[in-house]
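Q: This structure is in structure tokens; I'll ask about it shortly.
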Amino acid sequence: MSHSLSPSSGGSVRQTVCTFLILSLILGVLSLVTLAYGSVRLTLSEVIQGTCGVASDPIVNTIILELRLPRMLLAIGIGAGLGVAGAAYQALFRNPLADPFVVGASSGAAAGATLVIVMGWAGGTAGVGPASVGAFFGAIGSVLLVYAMAAMSRLPAVTLLLAGAVVSTMLGALVWLMLAFADAQVPRIVSWLMGGLAGRSWDTVGTACPLILLAACFLGILGRPLDIIRCGEDTARSLGVPVGLVLVLVLGAASLIVAASVAAGGIIGFVGLAAPHIARPVVGAAHRRLLPASGLIGAILLLGADVVARTIVAPLELPIGVVTALLGGPLFLVVLRKQPYASSGDS
């Protein structure tokens, strides 16, 4: 039997490695496209020289090093983080429709950060300072509220959608109420609520990306407990998994990702929903593969959306949150149509 299983196991490992190499290659090529395209088109040679800071034209060095490179890295970080957080939420809620946007984490982070900005406690740079703290507590508070509401019903998939919609609507109304009392901050907050990466600097990258990377790696360590919890909390407890502790750790790490992402890039929806659904048929449902694959695909999706946002109506730029919503909304409807009453064991 061992001889019959070994080739299959080896083939599976090779297939997984090949999948990750292909995803990494796509991300690398898309990164070059992101650096080359914009209001000023650059050649591949100029991109490489500008990235190294040795281009003959100093304007090229400035465009690459000060504008496009930090934006590209932030898109990769936020996209990867939202993909990982989406996969973690789907496992934790045992629901294929869960993602940071649907379960209210994004709205909670927006409400928390908006409150900090309106009160005048936030710094001047997005993603740096107290706004991230406010976004974190808003995200984790809203997710806990949605989880508590969903736990009261025997129809977790339907209840999750309803609870997430209710909480997101309430928090959205709260955000607009705060805007009514903050005239001076309205343009900044409204553009931030639509989602966007324009004007982000290395300070934003240096603050948001390490937090996202740290939390994503921590979720990767919890891959095995997530596999077990996905089968049901009673089953997990019978196997010795500390469900309550895992719940707190996953919610904390995923909410930290959402908080850092929202504080740095605003509301960016549906990346966390789409990435795990694209990754799952490719690498399987085991979270030791699903989480990193969702991260890579999330980075690809957001980087691609950023290219579309910057080029489709150039020289104007669309809010990236609008682009992801237009692309992700139909996918959400497809998933909902296939599994309208997903049971607690579905994913």
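Identifiers in the structure tokens: chain A, B, ... in order shown; residue index from 1 per chain; ligand index from 1 in order shown.
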Set the distance at 9 Å and use only C-alpha atoms: which residues neighbour region 250-254 of chain A once local chain neighbours fewer than 6 positions away are removed? I'd like the list as a PDB file with N, CA and C atoms, in the first residue's frame.
A:
```pdb
ATOM      1  N   GLY A  81      -3.128  40.012   2.485  1.00  0.00           N
ATOM      2  CA  GLY A  81      -3.731  39.967   3.813  1.00  0.00           C
ATOM      3  C   GLY A  81      -5.213  39.709   3.760  1.00  0.00           C
ATOM      4  N   LEU A  82      -5.934  40.378   2.860  1.00  0.00           N
ATOM      5  CA  LEU A  82      -7.372  40.174   2.760  1.00  0.00           C
ATOM      6  C   LEU A  82      -7.695  38.760   2.292  1.00  0.00           C
ATOM      7  N   VAL A  84      -5.877  36.003   2.906  1.00  0.00           N
ATOM      8  CA  VAL A  84      -5.657  35.126   4.058  1.00  0.00           C
ATOM      9  C   VAL A  84      -6.769  35.300   5.087  1.00  0.00           C
ATOM     10  N   ALA A  85      -7.142  36.555   5.372  1.00  0.00           N
ATOM     11  CA  ALA A  85      -8.205  36.806   6.344  1.00  0.00           C
ATOM     12  C   ALA A  85      -9.524  36.219   5.876  1.00  0.00           C
ATOM     13  N   GLY A  86      -9.808  36.318   4.576  1.00  0.00           N
ATOM     14  CA  GLY A  86     -11.040  35.741   4.051  1.00  0.00           C
ATOM     15  C   GLY A  86     -11.089  34.235   4.232  1.00  0.00           C
ATOM     16  N   ALA A  88      -9.509  32.522   6.493  1.00  0.00           N
ATOM     17  CA  ALA A  88      -9.637  32.256   7.932  1.00  0.00           C
ATOM     18  C   ALA A  88     -11.071  32.471   8.403  1.00  0.00           C
ATOM     19  N   TYR A  89     -11.708  33.551   7.942  1.00  0.00           N
ATOM     20  CA  TYR A  89     -13.102  33.797   8.329  1.00  0.00           C
ATOM     21  C   TYR A  89     -14.015  32.686   7.817  1.00  0.00           C
ATOM     22  N   LEU A  92     -13.529  29.736  10.102  1.00  0.00           N
ATOM     23  CA  LEU A  92     -14.007  29.979  11.454  1.00  0.00           C
ATOM     24  C   LEU A  92     -15.530  29.985  11.511  1.00  0.00           C
ATOM     25  N   PRO A 100     -13.995  39.529   4.989  1.00  0.00           N
ATOM     26  CA  PRO A 100     -13.927  40.715   5.854  1.00  0.00           C
ATOM     27  C   PRO A 100     -15.009  41.738   5.564  1.00  0.00           C
ATOM     28  N   PHE A 136      -8.677  48.659  14.304  1.00  0.00           N
ATOM     29  CA  PHE A 136      -8.578  47.318  14.872  1.00  0.00           C
ATOM     30  C   PHE A 136      -9.731  47.024  15.825  1.00  0.00           C
ATOM     31  N   ILE A 140     -12.644  44.137  15.160  1.00  0.00           N
ATOM     32  CA  ILE A 140     -12.848  42.976  16.023  1.00  0.00           C
ATOM     33  C   ILE A 140     -14.186  43.070  16.761  1.00  0.00           C
ATOM     34  N   VAL A 143     -16.956  42.027  14.202  1.00  0.00           N
ATOM     35  CA  VAL A 143     -16.921  40.591  13.924  1.00  0.00           C
ATOM     36  C   VAL A 143     -17.472  39.797  15.114  1.00  0.00           C
ATOM     37  N   LEU A 144     -17.104  40.187  16.323  1.00  0.00           N
ATOM     38  CA  LEU A 144     -17.641  39.513  17.497  1.00  0.00           C
ATOM     39  C   LEU A 144     -19.157  39.660  17.577  1.00  0.00           C
ATOM     40  N   ILE A 212       0.386  43.260   8.635  1.00  0.00           N
ATOM     41  CA  ILE A 212      -0.345  42.282   7.827  1.00  0.00           C
ATOM     42  C   ILE A 212       0.447  40.983   7.712  1.00  0.00           C
ATOM     43  N   LEU A 214       2.826  39.792   9.692  1.00  0.00           N
ATOM     44  CA  LEU A 214       2.903  39.113  10.979  1.00  0.00           C
ATOM     45  C   LEU A 214       1.614  38.372  11.288  1.00  0.00           C
ATOM     46  N   ALA A 215       0.475  39.037  11.101  1.00  0.00           N
ATOM     47  CA  ALA A 215      -0.811  38.409  11.397  1.00  0.00           C
ATOM     48  C   ALA A 215      -1.095  37.255  10.439  1.00  0.00           C
ATOM     49  N   ALA A 216      -0.723  37.414   9.153  1.00  0.00           N
ATOM     50  CA  ALA A 216      -0.946  36.347   8.179  1.00  0.00           C
ATOM     51  C   ALA A 216      -0.110  35.117   8.504  1.00  0.00           C
ATOM     52  N   PHE A 218       0.907  34.263  11.461  1.00  0.00           N
ATOM     53  CA  PHE A 218       0.316  33.694  12.662  1.00  0.00           C
ATOM     54  C   PHE A 218      -0.894  32.836  12.307  1.00  0.00           C
ATOM     55  N   LEU A 219      -1.725  33.309  11.369  1.00  0.00           N
ATOM     56  CA  LEU A 219      -2.861  32.509  10.925  1.00  0.00           C
ATOM     57  C   LEU A 219      -2.377  31.223  10.253  1.00  0.00           C
ATOM     58  N   LEU A 222      -1.946  28.500  12.582  1.00  0.00           N
ATOM     59  CA  LEU A 222      -3.212  27.946  13.071  1.00  0.00           C
ATOM     60  C   LEU A 222      -3.940  27.154  11.991  1.00  0.00           C
ATOM     61  N   LEU A 226      -7.680  25.181  12.307  1.00  0.00           N
ATOM     62  CA  LEU A 226      -8.757  25.640  11.434  1.00  0.00           C
ATOM     63  C   LEU A 226      -9.341  24.488  10.630  1.00  0.00           C
TER      64      LEU A 226
END
```
Q: Within 12 Å of region 180-194 of chain A, counting only C-alpha atoms, which residues show up once you throw out same-chain ones fewer than 6 positions away? Write them as a PyMOL selection string, please.
A: chain A and resi 106-111+113-120+122+124-127+131+172-174+200+261-269+317-325
Q: Please produce a file of those selected residues containing C-alpha atoms, as a short mmCIF file (atom, residue, chain, number, x, y, z; two decimals), in the first residue's frame.
A:
```cif
data_model
loop_
_atom_site.label_atom_id
_atom_site.label_comp_id
_atom_site.auth_asym_id
_atom_site.auth_seq_id
_atom_site.Cartn_x
_atom_site.Cartn_y
_atom_site.Cartn_z
CA SER A 106 -14.36 46.28 7.01
CA SER A 107 -17.30 48.44 8.11
CA GLY A 108 -16.22 48.14 11.74
CA ALA A 109 -12.67 49.13 10.88
CA ALA A 110 -13.99 52.07 8.87
CA ALA A 111 -16.17 53.22 11.76
CA ALA A 113 -10.82 54.77 12.12
CA THR A 114 -13.34 57.43 11.12
CA LEU A 115 -14.11 58.10 14.78
CA VAL A 116 -10.41 58.58 15.49
CA ILE A 117 -10.01 60.92 12.50
CA VAL A 118 -13.11 62.95 13.35
CA MET A 119 -11.96 63.35 16.94
CA GLY A 120 -8.64 64.70 15.68
CA ALA A 122 -5.18 60.50 13.88
CA GLY A 124 -1.57 62.92 8.88
CA THR A 125 -0.46 59.76 7.07
CA ALA A 126 -2.87 56.99 6.23
CA GLY A 127 -2.05 53.74 7.94
CA ALA A 131 -6.31 55.37 13.08
CA GLY A 172 -22.11 52.65 7.65
CA ALA A 173 -24.85 54.94 8.93
CA LEU A 174 -22.67 55.78 11.94
CA ARG A 200 0.52 56.27 -0.31
CA SER A 261 -5.61 47.15 5.38
CA VAL A 262 -8.54 49.54 5.91
CA ALA A 263 -6.38 52.13 7.66
CA ALA A 264 -3.86 52.03 4.80
CA GLY A 265 -6.08 51.56 1.74
CA GLY A 266 -9.67 52.24 2.78
CA ILE A 267 -12.62 49.93 2.19
CA ILE A 268 -11.67 47.25 -0.36
CA GLY A 269 -14.35 44.61 -0.65
CA GLU A 317 -8.17 57.15 -11.69
CA LEU A 318 -11.04 55.06 -10.34
CA PRO A 319 -11.25 54.21 -6.63
CA ILE A 320 -9.88 50.71 -6.28
CA GLY A 321 -12.70 49.75 -3.91
CA VAL A 322 -15.20 50.48 -6.68
CA VAL A 323 -13.27 48.23 -9.10
CA THR A 324 -13.11 45.30 -6.65
CA ALA A 325 -16.81 45.69 -5.84
#
```
Q: Need the shell around Thr235 (chain A): protein/DNA/RNA residues with any atom at most 12 Å away, counting only C-alpha atoms. Skip same-chain ones fewer than 6 positions apart. Format as a VMD selection string?
A: chain A and resid 225 to 229 241 to 243 345
Q: What is the distance between CA of Arg71 (chain A) and CA of Leu197 (chain A), in Å to one decimal?
A: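 Interatomic distance, CA of Arg71 (chain A) to CA of Leu197 (chain A): 6.2 Å.
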Q: Give me, as a list in words, all polymer residues having an atom no more than 8 Å from Ser201 (chain A), counting only C-alpha atoms and skipping those fewer than 5 positions away in the same chain.
A: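 Here the qualifying residues turn out to be Glu66, Leu67, Pro70 and Arg71 of chain A.
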Q: Might you pull out every residue within 10 Å of Arg310 (chain A), with only C-alpha atoms counted and same-chain residues fewer than 4 positions away left off, and present them as a list in words?
A: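 Those residues are Thr34, Tyr37, Gly38, Ser39, Ala198, Ala305, Asp306, Ala314, Pro315, Leu316, Glu317, Leu318, Pro319 and Ile320 of chain A.
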Q: Which neighbours of region 277-279 of chain A fall inside 12 Å, counting only C-alpha atoms, when residues of the same chain fewer than 3 positions from it are skipped, and could you give them as a CSV table (one decimal) with N, CA and C atoms, in the first residue's frame?
A:
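File produced: part.csv:
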```csv
chain,number,residue,atom,x,y,z
A,16,THR,N,1.5,20.9,-6.1
A,16,THR,CA,1.4,22.1,-5.2
A,16,THR,C,2.5,23.1,-5.4
A,19,THR,N,2.0,24.8,-8.6
A,19,THR,CA,0.9,25.8,-8.5
A,19,THR,C,1.5,27.1,-7.9
A,20,PHE,N,2.2,27.0,-6.8
A,20,PHE,CA,2.7,28.2,-6.1
A,20,PHE,C,3.8,28.9,-7.0
A,23,LEU,N,1.7,30.9,-9.6
A,23,LEU,CA,1.1,32.0,-8.9
A,23,LEU,C,2.1,33.1,-8.7
A,83,GLY,N,-6.9,38.2,1.4
A,83,GLY,CA,-7.1,36.8,1.0
A,83,GLY,C,-6.9,35.8,2.1
A,84,VAL,N,-5.9,36.0,2.9
A,84,VAL,CA,-5.7,35.1,4.1
A,84,VAL,C,-6.8,35.3,5.1
A,86,GLY,N,-9.8,36.3,4.6
A,86,GLY,CA,-11.0,35.7,4.1
A,86,GLY,C,-11.1,34.2,4.2
A,87,ALA,N,-10.0,33.6,3.9
A,87,ALA,CA,-9.9,32.1,4.1
A,87,ALA,C,-10.1,31.7,5.6
A,90,GLN,N,-13.8,32.2,6.6
A,90,GLN,CA,-14.6,31.2,6.0
A,90,GLN,C,-14.5,29.9,6.8
A,95,ASN,N,-18.4,28.9,6.7
A,95,ASN,CA,-19.4,29.5,5.7
A,95,ASN,C,-18.6,30.0,4.5
A,96,PRO,N,-19.0,29.5,3.3
A,96,PRO,CA,-18.3,29.9,2.1
A,96,PRO,C,-18.5,31.4,1.7
A,97,LEU,N,-19.4,32.0,2.3
A,97,LEU,CA,-19.7,33.4,2.0
A,97,LEU,C,-19.1,34.4,2.9
A,98,ALA,N,-18.4,34.0,3.9
A,98,ALA,CA,-17.7,34.9,4.8
A,98,ALA,C,-16.5,35.5,4.2
A,99,ASP,N,-16.3,36.8,4.5
A,99,ASP,CA,-15.1,37.5,4.1
A,99,ASP,C,-15.1,38.8,4.9
A,270,PHE,N,-14.5,42.3,-1.2
A,270,PHE,CA,-14.7,41.1,-2.1
A,270,PHE,C,-13.4,40.4,-2.4
A,271,VAL,N,-12.2,41.0,-2.1
A,271,VAL,CA,-11.0,40.3,-2.4
A,271,VAL,C,-10.9,39.1,-1.4
A,272,GLY,N,-11.3,39.3,-0.2
A,272,GLY,CA,-11.3,38.2,0.8
A,272,GLY,C,-12.3,37.1,0.5
A,273,LEU,N,-13.3,37.4,-0.3
A,273,LEU,CA,-14.3,36.4,-0.7
A,273,LEU,C,-13.8,35.6,-1.9
A,274,ALA,N,-13.2,36.3,-2.9
A,274,ALA,CA,-12.9,35.7,-4.1
A,274,ALA,C,-11.6,34.9,-4.0
A,282,VAL,N,-7.8,24.7,-6.6
A,282,VAL,CA,-6.5,24.6,-7.1
A,282,VAL,C,-5.5,23.8,-6.2
A,283,VAL,N,-5.6,24.2,-4.9
A,283,VAL,CA,-4.7,23.6,-3.9
A,283,VAL,C,-5.4,22.8,-2.8
A,284,GLY,N,-6.7,22.7,-2.9
A,284,GLY,CA,-7.4,21.9,-1.9
A,284,GLY,C,-7.9,22.7,-0.7
A,285,ALA,N,-8.5,22.1,0.3
A,285,ALA,CA,-9.1,22.8,1.4
A,285,ALA,C,-8.2,22.8,2.6
A,286,ALA,N,-7.1,22.1,2.6
A,286,ALA,CA,-6.2,22.1,3.8
A,286,ALA,C,-5.6,23.5,3.9
A,287,HIS,N,-5.7,24.0,5.1
A,287,HIS,CA,-5.3,25.4,5.3
A,287,HIS,C,-3.8,25.7,5.3
A,289,ARG,N,-2.1,24.9,2.9
A,289,ARG,CA,-1.9,25.3,1.5
A,289,ARG,C,-2.8,26.4,1.1
A,290,LEU,N,-4.1,26.3,1.7
A,290,LEU,CA,-5.1,27.3,1.2
A,290,LEU,C,-4.8,28.7,1.7
A,291,LEU,N,-4.2,28.9,2.9
A,291,LEU,CA,-4.0,30.2,3.4
A,291,LEU,C,-2.9,30.9,2.5
A,292,PRO,N,-1.7,30.3,2.3
A,292,PRO,CA,-0.8,31.0,1.4
A,292,PRO,C,-1.2,31.2,0.0
A,293,ALA,N,-2.0,30.2,-0.5
A,293,ALA,CA,-2.5,30.3,-1.9
A,293,ALA,C,-3.5,31.5,-2.0
A,294,SER,N,-4.4,31.6,-1.0
A,294,SER,CA,-5.3,32.7,-1.0
A,294,SER,C,-4.6,34.0,-0.9
A,295,GLY,N,-3.5,34.1,-0.1
A,295,GLY,CA,-2.7,35.3,0.0
A,295,GLY,C,-2.1,35.7,-1.4
A,296,LEU,N,-1.5,34.7,-2.1
A,296,LEU,CA,-1.0,35.0,-3.4
A,296,LEU,C,-2.0,35.5,-4.4
A,297,ILE,N,-3.2,34.8,-4.4
A,297,ILE,CA,-4.3,35.1,-5.3
A,297,ILE,C,-4.9,36.5,-5.0
A,298,GLY,N,-5.0,36.7,-3.7
A,298,GLY,CA,-5.5,38.0,-3.2
A,298,GLY,C,-4.6,39.2,-3.7
A,300,ILE,N,-2.6,39.1,-6.3
A,300,ILE,CA,-2.8,39.2,-7.8
A,300,ILE,C,-4.1,39.9,-8.1
A,301,LEU,N,-5.2,39.6,-7.4
A,301,LEU,CA,-6.4,40.3,-7.7
A,301,LEU,C,-6.4,41.8,-7.4
A,328,GLY,N,-16.1,41.8,-7.8
A,328,GLY,CA,-16.4,40.8,-6.8
A,328,GLY,C,-17.9,40.6,-6.6
A,331,LEU,N,-19.3,37.6,-8.5
A,331,LEU,CA,-18.8,36.3,-7.9
A,331,LEU,C,-19.6,36.0,-6.6
A,332,PHE,N,-19.9,37.0,-5.8
A,332,PHE,CA,-20.7,36.8,-4.6
A,332,PHE,C,-22.0,36.2,-4.9
A,334,VAL,N,-22.8,34.5,-7.6
A,334,VAL,CA,-22.7,33.1,-8.1
A,334,VAL,C,-22.5,32.1,-6.9
A,335,VAL,N,-21.7,32.5,-5.9
A,335,VAL,CA,-21.5,31.6,-4.7
A,335,VAL,C,-22.8,31.5,-4.0
A,347,SER,N,-17.9,24.7,3.0
A,347,SER,CA,-16.8,25.7,2.9
A,347,SER,C,-16.5,25.9,1.5
```
